[in-house]
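Structure record follows, encoded as structure tokens.
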Amino acid sequence: MDSEVGVAEAQSLECLPLGECGLLLRWPQEPAPRLSRRIRALGEALDRKPPPGFVEWVPGLRSFAVYFDPTRFSRAAWVETLTSFWENLPENPDLPVRFFEVPVRYGGDDGPDLAEVADRARLDPEHCIALHAGIVYEVLLVGFAPGFPYLAGLPEALAVPRRTTPRLRVAAGSVAIANRLCGIYPRESPGGWSLVGRTDWICFDPGRSPPACFAIGDQVRFHPEKGSR
């Protein structure tokens with residue numbers, strides 16, 4: 001590893017090089033709301049007080065990438081700066097949080113995997129719908145596809161693994177689950193999560209500012225539409 005790249009052991013924060021113009025911060029713990037909120041707060045702190053040569057930051061579920069002009073600020077200086085920013089963040093950052101209630105048509109053609117999820121959970125589909133819609137989820141990350149929210153809070157009973165064979169086409173608006181996460185496909189794309197429903201909610205609109213509907217820390221609750229089963 002580059003000798004300029006170090007590890008902030010007290011914070012379990014690992015700093016890895018990304019070519020000549022970037023760094024990747026990585027944490028060993030599992031994705032969680034508090035970690036995601038602090039990652040967002042780190043990026044916003046850089047936006048407010050950008051070091052020389054700062055280009056952009058990109059969050060991950062348990063990582064953070066930063067890109068910079070190495071002719072203006074050395075990698076060693078970036079390691080020191082990012083470590084300092086991170087250590088001085090509050091444990092629970094005060095971020096603006098929005099609440100969204102998203103209508104969903106569960107089961108049938110809109111949620112073709114609901115019956116399979118119910119079988120795995122040894123529950124009837126109606127009980128699965130009630131469980132899925134009875135939780136307030138928190139956005140951990142927006143990524144994979146523009147506007148796709150990774151939502152934490154899925155009940156353990158519904159925590160099915162990713163599908164062995166991904167679908168080549170998942171309809172836009174599909175509400176999907178995998179492991180302990182839930183998501184909404186913003187547009188038609190391949191996907192390997194189990195589909196339990198579908199919504200007409202617009203997660204991403206390039207003509208909107210910002211184009212992504214959700215941000216890290218936002219809260220989401222699903223509302224079953226009449227006729228869901």
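Ligands are numbered from 1 in the order shown, residues from 1 within each chain, and chains are lettered A, B, ... in the order they appear in the structure tokens.
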With range 171-180 of chain A as the partner and 10 Å as the cut-off, tabulate the residues of range 57-123 of chain A that qualify, each row holding the nearest pair of atoms and their distance in Å to one decimal, using only C-alpha atoms, sorted by chain and rising number, as JSON lines.
{"residue": "A:Val104", "atom": "CA", "partner": "A:Val175", "partner_atom": "CA", "distance": 7.8}
{"residue": "A:Arg105", "atom": "CA", "partner": "A:Val175", "partner_atom": "CA", "distance": 9.1}
{"residue": "A:Tyr106", "atom": "CA", "partner": "A:Val175", "partner_atom": "CA", "distance": 8.7}
{"residue": "A:Asp110", "atom": "CA", "partner": "A:Ser174", "partner_atom": "CA", "distance": 7.2}
{"residue": "A:Gly111", "atom": "CA", "partner": "A:Ser174", "partner_atom": "CA", "distance": 7.6}
{"residue": "A:Asp113", "atom": "CA", "partner": "A:Ala176", "partner_atom": "CA", "distance": 9.0}
{"residue": "A:Leu114", "atom": "CA", "partner": "A:Ala176", "partner_atom": "CA", "distance": 9.6}
{"residue": "A:Val117", "atom": "CA", "partner": "A:Ile177", "partner_atom": "CA", "distance": 9.4}
For the residues selected in the previous step, produce a file with C-alpha atoms as a short mmCIF file (atom, residue, chain, number, x, y, z; two decimals), in the first residue's frame.
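Contents of the output file again-v2.cif:
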data_model
loop_
_atom_site.label_atom_id
_atom_site.label_comp_id
_atom_site.auth_asym_id
_atom_site.auth_seq_id
_atom_site.Cartn_x
_atom_site.Cartn_y
_atom_site.Cartn_z
CA VAL A 104 -47.70 0.07 -3.32
CA ARG A 105 -49.70 -2.56 -5.19
CA TYR A 106 -48.60 -5.79 -3.54
CA ASP A 110 -46.87 -6.29 -9.60
CA GLY A 111 -45.23 -8.44 -6.91
CA ASP A 113 -42.30 -13.03 -5.64
CA LEU A 114 -44.65 -12.24 -2.76
CA VAL A 117 -41.45 -14.81 0.22
#
For range 155-159 of chain A, find every residue with an atom within 12 Å (counting only C-alpha atoms), except residues of its own chain fewer than 6 positions away, and show them as a ChimeraX atom specification. /A:113-125,127-137,176-182,193-196
Which residue gives the smallest distance to Val142 in chain A among A:Pro166, A:Pro161, A:Pro103, A:Gly60, with only C-alpha atoms counted?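 For Val142 in chain A, the nearest of the candidates is A:Gly60.
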Measure the distance from CA of Gly191 in chain A to CA of Val220 in chain A in Å and round it to one decimal.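 Those two atoms sit 21.3 Å apart.
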Which of range 18-142 of chain A end up as strand (DSSP E) when DSSP is run on this backbone - answer as number ranges by chain? A: 22-26, 54-59, 63-68, 99-106, 137-142
Dump as a PDB file, in the first residue's frame, selection limited to C-alpha atoms:
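Dumped to again-v1.pdb:
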ATOM      1  CA  GLY A  22      -8.933   9.495  -5.136  1.00  0.00           C
ATOM      2  CA  LEU A  23      -9.245   7.855  -1.748  1.00  0.00           C
ATOM      3  CA  LEU A  24     -11.684   5.268  -0.462  1.00  0.00           C
ATOM      4  CA  LEU A  25     -12.657   5.293   3.200  1.00  0.00           C
ATOM      5  CA  ARG A  26     -13.975   1.953   4.404  1.00  0.00           C
ATOM      6  CA  PHE A  54     -11.584  18.915  -3.998  1.00  0.00           C
ATOM      7  CA  VAL A  55     -13.681  17.485  -6.873  1.00  0.00           C
ATOM      8  CA  GLU A  56     -16.487  15.323  -5.490  1.00  0.00           C
ATOM      9  CA  TRP A  57     -17.511  12.703  -2.947  1.00  0.00           C
ATOM     10  CA  VAL A  58     -19.459   9.476  -3.489  1.00  0.00           C
ATOM     11  CA  PRO A  59     -21.070   7.627  -0.553  1.00  0.00           C
ATOM     12  CA  SER A  63     -17.564   3.370   2.316  1.00  0.00           C
ATOM     13  CA  PHE A  64     -16.870   6.879   1.107  1.00  0.00           C
ATOM     14  CA  ALA A  65     -14.947   7.856  -2.022  1.00  0.00           C
ATOM     15  CA  VAL A  66     -13.417  11.279  -2.497  1.00  0.00           C
ATOM     16  CA  TYR A  67     -11.803  12.599  -5.677  1.00  0.00           C
ATOM     17  CA  PHE A  68      -9.330  15.472  -5.849  1.00  0.00           C
ATOM     18  CA  PHE A  99     -40.833  11.505   5.446  1.00  0.00           C
ATOM     19  CA  PHE A 100     -42.399   9.823   2.423  1.00  0.00           C
ATOM     20  CA  GLU A 101     -45.456   7.583   2.281  1.00  0.00           C
ATOM     21  CA  VAL A 102     -45.232   5.471  -0.867  1.00  0.00           C
ATOM     22  CA  PRO A 103     -48.348   3.657  -2.206  1.00  0.00           C
ATOM     23  CA  VAL A 104     -47.696   0.072  -3.320  1.00  0.00           C
ATOM     24  CA  ARG A 105     -49.698  -2.555  -5.192  1.00  0.00           C
ATOM     25  CA  TYR A 106     -48.596  -5.794  -3.537  1.00  0.00           C
ATOM     26  CA  TYR A 137     -37.612   2.520   6.752  1.00  0.00           C
ATOM     27  CA  GLU A 138     -34.538   4.737   6.580  1.00  0.00           C
ATOM     28  CA  VAL A 139     -32.568   5.488   3.423  1.00  0.00           C
ATOM     29  CA  LEU A 140     -28.998   4.211   3.801  1.00  0.00           C
ATOM     30  CA  LEU A 141     -27.839   5.072   0.298  1.00  0.00           C
ATOM     31  CA  VAL A 142     -29.060   6.147  -3.112  1.00  0.00           C
TER      32      VAL A 142
END
To one decimal place, how far is CA of Phe144 in chain A from CA of Arg221 in chain A in Å?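 That distance, rounded to one decimal, is 21.0 Å.
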Output as a PyMOL selection string all residues of range 10-216 of chain A that backbone DSSP marks as helix (DSSP H, G or I). chain A and resi 10-11+33-48+75-87+114-121+125-133+156-158
Top pick for closest residue to Gly108 in chain A, considering A:Arg34, A:Arg198, A:Ser74, A:Cys15 and counting only C-alpha atoms: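 Checking each candidate against Gly108 in chain A, we get A:Arg198 as the closest.
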Separation of CA of Pro149 in chain A from CA of Pro112 in chain A in Å: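 Interatomic distance here is 20.5 Å.
Restricting the calculation to only C-alpha atoms, the smallest distance between Trp78 in chain A and any of A:Pro52, A:Ser36, A:Leu61, A:Glu91 is found for A:Pro52.
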Excluding Glu44 in chain A and any residue of its chain fewer than 6 positions from it, enumerate the residues within 12 Å of it, using only C-alpha atoms, and give them as number ranges by chain. A: 37-38, 50, 56-59, 85-86, 89, 93-96, 216
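When only C-alpha atoms are used to compute distances to Pro31 in chain A, the closest of the residues A:Leu82, A:Ala145, A:Leu151, A:Leu16 turns out to be A:Leu151.
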